[in-house]
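Beneath this line is the structure, given in structure tokens, with notes to follow.
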Amino acid sequence: MAKEHLLKKHKDTDYKKKADAFCEDYKAFLTTAKTERLCVEYFTEKAKANGFTDVLASQGVKAGDKVYYVNKNRSLVLAVIGEEDIENGINLVAAHIDSPRLDLKPAPVTEEGGFSYLRTHYYGGIKKYQWVATPLALYGVVVKKNGETVKIAIGDGENDPIFMITDLLPHLASKQMGQKMTEGIPGEKLMVLSGSNPDLDAESEEVKGALLKILEEKYSISEEDFYSAEIEVVPQGAARDVGFDRSMVASYGHDDRVCAYTAFQALLETGIPKKTAVVLLADREEVGSMGNSGMQSRFLEYFLEEVNPSARINKVMANTVCLSSDVAAAFDPMYADVYEKQNSPIFGCGLTLLRYTGSRGKGGSSEASAELVAYIRNIFDANNISYQFAELGKVDEGGGGTVAQYIANLGADVIDAGVALLSMHAPYEIAHKMDVYEAYRAYIAFMTAR
Ligand code: MN
Ligand code: MN
């Protein structure tokens, strides 16, 4: 059961070259699609360019047809229709396209002590101290009362300003430095520094007034328009290679855009599969998958009804096999004490499979059956895919979850299968290029099987 590094396994081939090239495109995607809405736009555009059409406009589908369904602009389902009836089951790869971040509050604009700020409310599991004194960008939409949508993208353009949240200088931080890391930076202090010049025409709230004037002039949005906005504060900057050997990629949003991207690219390579191949890209996984763009809602079933209105969805799901494709926590020697190494993913050694996630006594998780695991092992071995079985850290250490349990609740056989990361949920997470490429290969193998 020794794990072999992919570089060693494929040493006499062009595998590394292919993995490196694949990750160049992946990096470009990460740099441009920093919100779930932008991911939906990116994948929809690319799907259309590859012959996919809107399932809502289709008059019945046949084998080889490629369709997509955009759900609420924040989640997406894509399929290549297979030769068999979907009642025989589909081959489903489900990933999520939301990532931890700071959202602007409904009424975010404020001023204090000569500075204007935007108030935030964090989304998903973050370590708050990681978000101060680091360059940030703003992305999102403002929907005005008349329905007009103003797109916001500030911070990554060459001449854009960036945004910052200030931190205390060490000289005055003795009290702060003595606090627990969960308390050193309180959520209400995650205020985005947005300006410092006064408005020469205003009598009070001079700095806030100056900011509102800029927003009005540049973006035609008023203070009230923030009520109907979704603006996300995300790390500024492009995805970059890490290390002298450039073997890794650092980026915002690997979790879980690495699985979304590799699954999508794999779907483009499926040809006409035996079973319908489906890639589902969900929103709101980081906050529990609630809401009508999250995996706990019914949009997958709705999509399947559009694909085949006469199919019995319960039967479809009972015969479905799903890879819940999400990132895993790679063994990190700097924090070895929270891992049980034998059951931890090792960087560069291939796709990570988790039969269950959850915490403590496997609480809050589905579990892949022995029969399913045998089926998956067989597919991956037949296609020379490297995979490693793992858990999320030591038994008593903590835990987490994915969309797996919600798909399992529909009746499908589900196993978690994704890319292991270092610094998961940090503003910049790290993935191994060969693990990214191996995930892509694995998803092709899975979707074209049986
Ligand atoms: Mn995830
Ligand atoms: Mn996550």
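Chain labels follow the order of the structure tokens: the first chain is A, the next B, and so on; residue numbering restarts at 1 in every chain, and ligands are counted from 1 in their shown order.
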**OP:** Go through the chains and note each residue within 7 Å of ligand 2, using only C-alpha atoms and all ligand atoms, then give the set as a PyMOL selection string.
**Re:** chain A and resi 99-100+255-256+286+425
**OP:** Using only C-alpha atoms and all ligand atoms, determine which residues fall within 9 Å of ligand 1, then list them as number ranges by chain.
**Re:** A: 95-99, 254-257, 259, 285-286, 325-328, 401-403, 424-425
Those residues you just picked out, can you put them in a file as a compact mmCIF listing (two decimals), in the first residue's frame with all heavy atoms?
# COMPACT_ATOMS: atom_id res chain seq x y z
N ALA A 95 -19.29 18.78 -7.66
CA ALA A 95 -18.31 19.62 -6.97
C ALA A 95 -19.02 20.91 -6.54
O ALA A 95 -20.20 21.10 -6.84
CB ALA A 95 -17.14 19.94 -7.90
N HIS A 96 -18.30 21.78 -5.85
CA HIS A 96 -18.94 23.06 -5.50
C HIS A 96 -18.06 24.22 -5.94
O HIS A 96 -16.83 24.08 -6.05
CB HIS A 96 -19.30 23.15 -4.01
CG HIS A 96 -18.13 23.21 -3.06
ND1 HIS A 96 -17.59 24.43 -2.66
CD2 HIS A 96 -17.41 22.26 -2.45
CE1 HIS A 96 -16.60 24.19 -1.81
NE2 HIS A 96 -16.46 22.88 -1.67
N ILE A 97 -18.72 25.35 -6.22
CA ILE A 97 -18.00 26.49 -6.79
C ILE A 97 -18.01 27.71 -5.87
O ILE A 97 -17.53 28.77 -6.25
CB ILE A 97 -18.55 26.86 -8.19
CG1 ILE A 97 -20.08 26.96 -8.16
CG2 ILE A 97 -18.09 25.84 -9.22
CD1 ILE A 97 -20.68 27.34 -9.51
N ASP A 98 -18.56 27.57 -4.67
CA ASP A 98 -18.43 28.65 -3.69
C ASP A 98 -17.18 28.39 -2.86
O ASP A 98 -16.77 27.25 -2.69
CB ASP A 98 -19.68 28.73 -2.79
CG ASP A 98 -19.90 27.46 -1.97
OD1 ASP A 98 -19.75 26.35 -2.55
OD2 ASP A 98 -20.21 27.56 -0.76
N SER A 99 -16.57 29.47 -2.38
CA SER A 99 -15.36 29.35 -1.56
C SER A 99 -15.47 30.31 -0.38
O SER A 99 -16.18 31.31 -0.45
CB SER A 99 -14.12 29.72 -2.40
OG SER A 99 -13.96 28.81 -3.47
N HIS A 254 -9.05 27.07 -4.67
CA HIS A 254 -8.89 25.65 -5.07
C HIS A 254 -10.08 24.85 -4.53
O HIS A 254 -10.56 23.95 -5.21
CB HIS A 254 -7.62 25.07 -4.45
CG HIS A 254 -6.35 25.40 -5.19
ND1 HIS A 254 -6.17 25.21 -6.54
CD2 HIS A 254 -5.16 25.87 -4.72
CE1 HIS A 254 -4.92 25.55 -6.88
NE2 HIS A 254 -4.30 25.96 -5.79
N ASP A 255 -10.47 25.12 -3.29
CA ASP A 255 -11.65 24.50 -2.67
C ASP A 255 -12.89 25.26 -3.13
O ASP A 255 -13.16 26.32 -2.60
CB ASP A 255 -11.52 24.52 -1.15
CG ASP A 255 -12.70 23.90 -0.44
OD1 ASP A 255 -13.59 23.36 -1.11
OD2 ASP A 255 -12.74 23.98 0.80
N ASP A 256 -13.66 24.78 -4.06
CA ASP A 256 -13.51 23.46 -4.64
C ASP A 256 -13.47 23.59 -6.16
O ASP A 256 -13.89 22.71 -6.89
CB ASP A 256 -14.69 22.58 -4.18
CG ASP A 256 -14.61 21.17 -4.73
OD1 ASP A 256 -13.50 20.66 -4.88
OD2 ASP A 256 -15.68 20.60 -5.02
N ARG A 257 -12.94 24.75 -6.60
CA ARG A 257 -12.91 24.97 -8.04
C ARG A 257 -11.94 24.02 -8.73
O ARG A 257 -12.04 23.81 -9.94
CB ARG A 257 -12.59 26.44 -8.33
CG ARG A 257 -13.76 27.32 -7.86
CD ARG A 257 -13.49 28.78 -7.79
NE ARG A 257 -14.62 29.40 -7.07
CZ ARG A 257 -14.54 30.50 -6.36
NH1 ARG A 257 -13.38 31.15 -6.26
NH2 ARG A 257 -15.60 30.97 -5.74
N CYS A 259 -11.90 20.80 -8.27
CA CYS A 259 -12.71 19.65 -8.68
C CYS A 259 -13.73 20.06 -9.73
O CYS A 259 -14.04 19.29 -10.64
CB CYS A 259 -13.38 19.01 -7.48
SG CYS A 259 -12.17 18.32 -6.31
N GLU A 285 -21.90 25.16 -0.52
CA GLU A 285 -21.39 24.01 0.23
C GLU A 285 -20.70 24.47 1.50
O GLU A 285 -20.78 23.82 2.54
CB GLU A 285 -20.42 23.21 -0.65
CG GLU A 285 -20.01 21.85 -0.06
CD GLU A 285 -18.90 21.93 0.98
OE1 GLU A 285 -18.16 22.92 1.01
OE2 GLU A 285 -18.76 20.99 1.78
N GLU A 286 -20.01 25.61 1.40
CA GLU A 286 -19.22 26.06 2.55
C GLU A 286 -20.08 26.50 3.73
O GLU A 286 -19.56 26.71 4.83
CB GLU A 286 -18.29 27.22 2.13
CG GLU A 286 -17.24 26.84 1.08
CD GLU A 286 -16.21 25.85 1.59
OE1 GLU A 286 -16.24 25.51 2.79
OE2 GLU A 286 -15.37 25.40 0.79
N SER A 325 -17.00 15.35 -5.47
CA SER A 325 -15.63 15.76 -5.76
C SER A 325 -15.29 17.02 -5.00
O SER A 325 -15.70 18.11 -5.38
CB SER A 325 -15.48 15.95 -7.26
OG SER A 325 -15.79 14.73 -7.89
N ASP A 326 -14.57 16.82 -3.93
CA ASP A 326 -14.22 17.96 -3.09
C ASP A 326 -12.78 17.77 -2.61
O ASP A 326 -12.24 16.67 -2.66
CB ASP A 326 -15.18 18.06 -1.90
CG ASP A 326 -15.31 19.49 -1.39
OD1 ASP A 326 -14.42 20.32 -1.67
OD2 ASP A 326 -16.30 19.77 -0.68
N VAL A 327 -12.21 18.84 -2.14
CA VAL A 327 -10.82 18.79 -1.73
C VAL A 327 -10.66 18.06 -0.40
O VAL A 327 -11.62 17.93 0.37
CB VAL A 327 -10.21 20.21 -1.64
CG1 VAL A 327 -10.24 20.88 -3.00
CG2 VAL A 327 -10.95 21.04 -0.60
N ALA A 328 -9.44 17.60 -0.15
CA ALA A 328 -9.13 16.91 1.09
C ALA A 328 -7.92 17.60 1.73
O ALA A 328 -7.23 18.39 1.09
CB ALA A 328 -8.81 15.44 0.80
N GLY A 401 -17.46 18.20 6.28
CA GLY A 401 -18.40 17.48 5.42
C GLY A 401 -18.37 18.02 4.01
O GLY A 401 -17.69 19.00 3.73
N THR A 402 -19.10 17.35 3.14
CA THR A 402 -19.16 17.73 1.72
C THR A 402 -20.61 17.61 1.26
O THR A 402 -21.50 17.43 2.09
CB THR A 402 -18.27 16.79 0.87
OG1 THR A 402 -18.83 15.48 0.94
CG2 THR A 402 -16.83 16.77 1.37
N VAL A 403 -20.82 17.66 -0.05
CA VAL A 403 -22.19 17.47 -0.56
C VAL A 403 -22.57 15.99 -0.60
O VAL A 403 -23.72 15.67 -0.90
CB VAL A 403 -22.36 18.09 -1.98
CG1 VAL A 403 -22.11 19.59 -1.96
CG2 VAL A 403 -21.47 17.41 -3.01
N MET A 424 -5.74 24.48 3.36
CA MET A 424 -7.14 24.55 2.92
C MET A 424 -7.89 25.65 3.67
O MET A 424 -7.67 25.84 4.87
CB MET A 424 -7.84 23.21 3.15
CG MET A 424 -9.18 23.08 2.43
SD MET A 424 -10.23 21.84 3.17
CE MET A 424 -9.30 20.39 2.75
N HIS A 425 -8.72 26.38 2.95
CA HIS A 425 -9.54 27.49 3.45
C HIS A 425 -8.73 28.75 3.76
O HIS A 425 -9.29 29.72 4.27
CB HIS A 425 -10.37 27.09 4.68
CG HIS A 425 -11.64 26.36 4.32
ND1 HIS A 425 -12.79 26.44 5.05
CD2 HIS A 425 -11.92 25.55 3.28
CE1 HIS A 425 -13.72 25.69 4.49
NE2 HIS A 425 -13.22 25.13 3.41
**OP:** Please provide the set of residues having any atom within 8 Å of stretch 110-125 of chain A, restricted to only C-alpha atoms, with same-chain residues fewer than 4 positions apart removed, written as a ChimeraX atom specification.
**Re:** /A:99-105,187-188,190-198,205,207-208,211,286-287,425
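When only C-alpha atoms are used to compute distances to A:Ala33, the closest of the residues A:Ala153, A:Ile272, A:Val143, A:Ile126 turns out to be A:Ala153.
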**OP:** Tell me, as a PyMOL selection string, which residues lie within 10 Å of A:Asn73, counting only C-alpha atoms; anything in the same chain fewer than 4 positions away does not count.
**Re:** chain A and resi 36-41+69+283+293
Take the residues that were just selected and, keeping N, CA and C atoms, output them as a PDB file, in the first residue's frame.
ATOM      1  N   GLU A  36     -18.885  32.299  -7.323  1.00  0.00           N
ATOM      2  CA  GLU A  36     -19.704  31.238  -7.918  1.00  0.00           C
ATOM      3  C   GLU A  36     -20.387  31.729  -9.191  1.00  0.00           C
ATOM      4  N   ARG A  37     -20.838  32.991  -9.196  1.00  0.00           N
ATOM      5  CA  ARG A  37     -21.463  33.533 -10.406  1.00  0.00           C
ATOM      6  C   ARG A  37     -20.475  33.544 -11.576  1.00  0.00           C
ATOM      7  N   LEU A  38     -19.238  33.961 -11.299  1.00  0.00           N
ATOM      8  CA  LEU A  38     -18.235  33.996 -12.371  1.00  0.00           C
ATOM      9  C   LEU A  38     -17.883  32.589 -12.848  1.00  0.00           C
ATOM     10  N   CYS A  39     -17.913  31.624 -11.934  1.00  0.00           N
ATOM     11  CA  CYS A  39     -17.688  30.231 -12.340  1.00  0.00           C
ATOM     12  C   CYS A  39     -18.807  29.763 -13.267  1.00  0.00           C
ATOM     13  N   VAL A  40     -20.051  30.081 -12.900  1.00  0.00           N
ATOM     14  CA  VAL A  40     -21.182  29.680 -13.753  1.00  0.00           C
ATOM     15  C   VAL A  40     -21.032  30.313 -15.135  1.00  0.00           C
ATOM     16  N   GLU A  41     -20.659  31.597 -15.175  1.00  0.00           N
ATOM     17  CA  GLU A  41     -20.465  32.268 -16.475  1.00  0.00           C
ATOM     18  C   GLU A  41     -19.342  31.604 -17.266  1.00  0.00           C
ATOM     19  N   TYR A  69     -27.803  23.321 -17.549  1.00  0.00           N
ATOM     20  CA  TYR A  69     -28.896  24.005 -16.852  1.00  0.00           C
ATOM     21  C   TYR A  69     -28.288  24.958 -15.821  1.00  0.00           C
ATOM     22  N   ASP A 283     -23.538  25.515  -5.329  1.00  0.00           N
ATOM     23  CA  ASP A 283     -23.232  26.693  -4.524  1.00  0.00           C
ATOM     24  C   ASP A 283     -23.488  26.335  -3.053  1.00  0.00           C
ATOM     25  N   SER A 293     -29.695  27.275  -4.307  1.00  0.00           N
ATOM     26  CA  SER A 293     -28.567  26.990  -5.189  1.00  0.00           C
ATOM     27  C   SER A 293     -27.618  25.971  -4.560  1.00  0.00           C
TER      28      SER A 293
END
Original post:
Could you name the residues that touch stretch 386-394 of chain A at 6 Å or less, counting only C-alpha atoms, but leaving out those on the same chain fewer than 2 positions away, as a ChimeraX atom specification?
Top reply: /A:338-340,343-345,350-354,396-397
Original post:
Residues at most 9 Å from A:Ile81, counting only C-alpha atoms, excluding those fewer than 4 positions away in the same chain, as an MDAnalysis selection string?
Top reply: chainID A and resid 61:67 86 272:278 307
For the residues in that selection, give me N, CA and C atoms as a PDB file, in the first residue's frame.
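Saved to selection34.pdb:
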ATOM      1  N   VAL A  61     -33.918  14.917 -25.777  1.00  0.00           N
ATOM      2  CA  VAL A  61     -32.488  14.714 -26.015  1.00  0.00           C
ATOM      3  C   VAL A  61     -32.232  13.306 -26.521  1.00  0.00           C
ATOM      4  N   LYS A  62     -31.116  13.135 -27.216  1.00  0.00           N
ATOM      5  CA  LYS A  62     -30.691  11.804 -27.671  1.00  0.00           C
ATOM      6  C   LYS A  62     -29.221  11.607 -27.325  1.00  0.00           C
ATOM      7  N   ALA A  63     -28.757  10.374 -27.471  1.00  0.00           N
ATOM      8  CA  ALA A  63     -27.363  10.059 -27.114  1.00  0.00           C
ATOM      9  C   ALA A  63     -26.402  10.991 -27.836  1.00  0.00           C
ATOM     10  N   GLY A  64     -25.458  11.488 -27.094  1.00  0.00           N
ATOM     11  CA  GLY A  64     -24.450  12.381 -27.667  1.00  0.00           C
ATOM     12  C   GLY A  64     -24.783  13.850 -27.501  1.00  0.00           C
ATOM     13  N   ASP A  65     -26.054  14.167 -27.202  1.00  0.00           N
ATOM     14  CA  ASP A  65     -26.413  15.574 -26.974  1.00  0.00           C
ATOM     15  C   ASP A  65     -25.716  16.090 -25.723  1.00  0.00           C
ATOM     16  N   LYS A  66     -25.386  17.372 -25.770  1.00  0.00           N
ATOM     17  CA  LYS A  66     -24.736  18.010 -24.624  1.00  0.00           C
ATOM     18  C   LYS A  66     -25.623  19.148 -24.151  1.00  0.00           C
ATOM     19  N   VAL A  67     -25.992  19.109 -22.881  1.00  0.00           N
ATOM     20  CA  VAL A  67     -26.920  20.119 -22.361  1.00  0.00           C
ATOM     21  C   VAL A  67     -26.419  20.690 -21.032  1.00  0.00           C
ATOM     22  N   ILE A  86     -31.749   7.118 -18.723  1.00  0.00           N
ATOM     23  CA  ILE A  86     -31.212   7.586 -17.434  1.00  0.00           C
ATOM     24  C   ILE A  86     -31.778   6.796 -16.249  1.00  0.00           C
ATOM     25  N   ILE A 272     -19.454   9.933 -26.518  1.00  0.00           N
ATOM     26  CA  ILE A 272     -20.820   9.497 -26.215  1.00  0.00           C
ATOM     27  C   ILE A 272     -20.722   8.367 -25.192  1.00  0.00           C
ATOM     28  N   PRO A 273     -21.029   8.670 -23.926  1.00  0.00           N
ATOM     29  CA  PRO A 273     -20.868   7.645 -22.887  1.00  0.00           C
ATOM     30  C   PRO A 273     -22.021   6.645 -22.910  1.00  0.00           C
ATOM     31  N   LYS A 274     -21.793   5.532 -22.274  1.00  0.00           N
ATOM     32  CA  LYS A 274     -22.867   4.536 -22.162  1.00  0.00           C
ATOM     33  C   LYS A 274     -23.978   5.120 -21.275  1.00  0.00           C
ATOM     34  N   LYS A 275     -23.596   5.510 -20.076  1.00  0.00           N
ATOM     35  CA  LYS A 275     -24.568   6.176 -19.190  1.00  0.00           C
ATOM     36  C   LYS A 275     -24.384   7.677 -19.308  1.00  0.00           C
ATOM     37  N   THR A 276     -25.454   8.410 -19.102  1.00  0.00           N
ATOM     38  CA  THR A 276     -25.370   9.867 -19.166  1.00  0.00           C
ATOM     39  C   THR A 276     -24.371  10.375 -18.129  1.00  0.00           C
ATOM     40  N   ALA A 277     -23.430  11.177 -18.593  1.00  0.00           N
ATOM     41  CA  ALA A 277     -22.399  11.735 -17.713  1.00  0.00           C
ATOM     42  C   ALA A 277     -22.842  13.124 -17.284  1.00  0.00           C
ATOM     43  N   VAL A 278     -22.867  13.349 -15.989  1.00  0.00           N
ATOM     44  CA  VAL A 278     -23.375  14.617 -15.457  1.00  0.00           C
ATOM     45  C   VAL A 278     -22.339  15.244 -14.527  1.00  0.00           C
ATOM     46  N   VAL A 307     -34.309  16.553 -18.763  1.00  0.00           N
ATOM     47  CA  VAL A 307     -33.615  15.642 -19.682  1.00  0.00           C
ATOM     48  C   VAL A 307     -34.578  14.567 -20.177  1.00  0.00           C
TER      49      VAL A 307
END
Original post:
Just asking: which residues within stretch 55-131 of chain A are strand (DSSP E) according to DSSP, as a count of residues only?
Top reply: 39
9 Å contact set for A:Tyr356, only C-alpha atoms, chain neighbours under 4 positions out, as an mmCIF file with N, CA, C and O atoms, in the first residue's frame:
data_model
loop_
_atom_site.group_PDB
_atom_site.id
_atom_site.type_symbol
_atom_site.label_atom_id
_atom_site.label_comp_id
_atom_site.auth_asym_id
_atom_site.auth_seq_id
_atom_site.Cartn_x
_atom_site.Cartn_y
_atom_site.Cartn_z
ATOM 1 N N LYS A 362 -17.941 9.393 13.111
ATOM 2 C CA LYS A 362 -18.460 9.485 11.745
ATOM 3 C C LYS A 362 -19.764 10.296 11.691
ATOM 4 O O LYS A 362 -20.610 10.090 10.817
ATOM 5 N N SER A 365 -22.277 12.359 8.325
ATOM 6 C CA SER A 365 -21.678 11.958 7.049
ATOM 7 C C SER A 365 -22.369 10.727 6.500
ATOM 8 O O SER A 365 -22.884 9.902 7.259
ATOM 9 N N SER A 366 -22.384 10.606 5.192
ATOM 10 C CA SER A 366 -22.756 9.340 4.566
ATOM 11 C C SER A 366 -21.489 8.485 4.510
ATOM 12 O O SER A 366 -20.408 8.954 4.849
ATOM 13 N N GLU A 367 -21.643 7.237 4.087
ATOM 14 C CA GLU A 367 -20.457 6.385 3.950
ATOM 15 C C GLU A 367 -20.606 5.505 2.724
ATOM 16 O O GLU A 367 -21.656 4.900 2.504
ATOM 17 N N ALA A 368 -19.563 5.459 1.931
ATOM 18 C CA ALA A 368 -19.571 4.625 0.729
ATOM 19 C C ALA A 368 -19.541 3.155 1.131
ATOM 20 O O ALA A 368 -18.800 2.764 2.030
ATOM 21 N N GLU A 391 -8.717 9.762 5.438
ATOM 22 C CA GLU A 391 -9.694 10.356 6.339
ATOM 23 C C GLU A 391 -9.301 11.821 6.512
ATOM 24 O O GLU A 391 -8.232 12.244 6.079
ATOM 25 N N LEU A 392 -10.176 12.588 7.170
ATOM 26 C CA LEU A 392 -9.868 13.992 7.431
ATOM 27 C C LEU A 392 -9.230 14.105 8.815
ATOM 28 O O LEU A 392 -9.903 14.301 9.818
ATOM 29 N N GLY A 401 -17.458 18.201 6.276
ATOM 30 C CA GLY A 401 -18.398 17.484 5.421
ATOM 31 C C GLY A 401 -18.369 18.023 4.015
ATOM 32 O O GLY A 401 -17.690 19.005 3.728
ATOM 33 N N ALA A 404 -21.638 15.087 -0.287
ATOM 34 C CA ALA A 404 -21.878 13.644 -0.459
ATOM 35 C C ALA A 404 -23.179 13.190 0.198
ATOM 36 O O ALA A 404 -23.999 12.505 -0.423
ATOM 37 N N ILE A 415 -19.208 8.450 -3.193
ATOM 38 C CA ILE A 415 -17.922 8.443 -2.497
ATOM 39 C C ILE A 415 -17.242 9.786 -2.744
ATOM 40 O O ILE A 415 -17.369 10.354 -3.830
ATOM 41 N N ASP A 416 -16.564 10.304 -1.740
ATOM 42 C CA ASP A 416 -15.814 11.546 -1.919
ATOM 43 C C ASP A 416 -14.519 11.260 -2.665
ATOM 44 O O ASP A 416 -13.794 10.321 -2.315
#
**OP:** Based on DSSP run over this structure's backbone, return all residues of stretch 162-272 of chain A in alpha helix (DSSP H), as a count of residues only.
**Re:** 36
Subject >> Among listed residues A:Met290, A:Ala19, A:Ile444, A:Ile385, nearest A:Glu4 (using only C-alpha atoms) >> reply: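 Checking each of A:Met290, A:Ala19, A:Ile444, A:Ile385 against A:Glu4, counting only C-alpha atoms, the winner is A:Ile385.
Nearest residue to A:Ser297, choosing from A:Leu268, A:Phe22, A:Asn409, A:Gly398 and counting only C-alpha atoms: A:Asn409.
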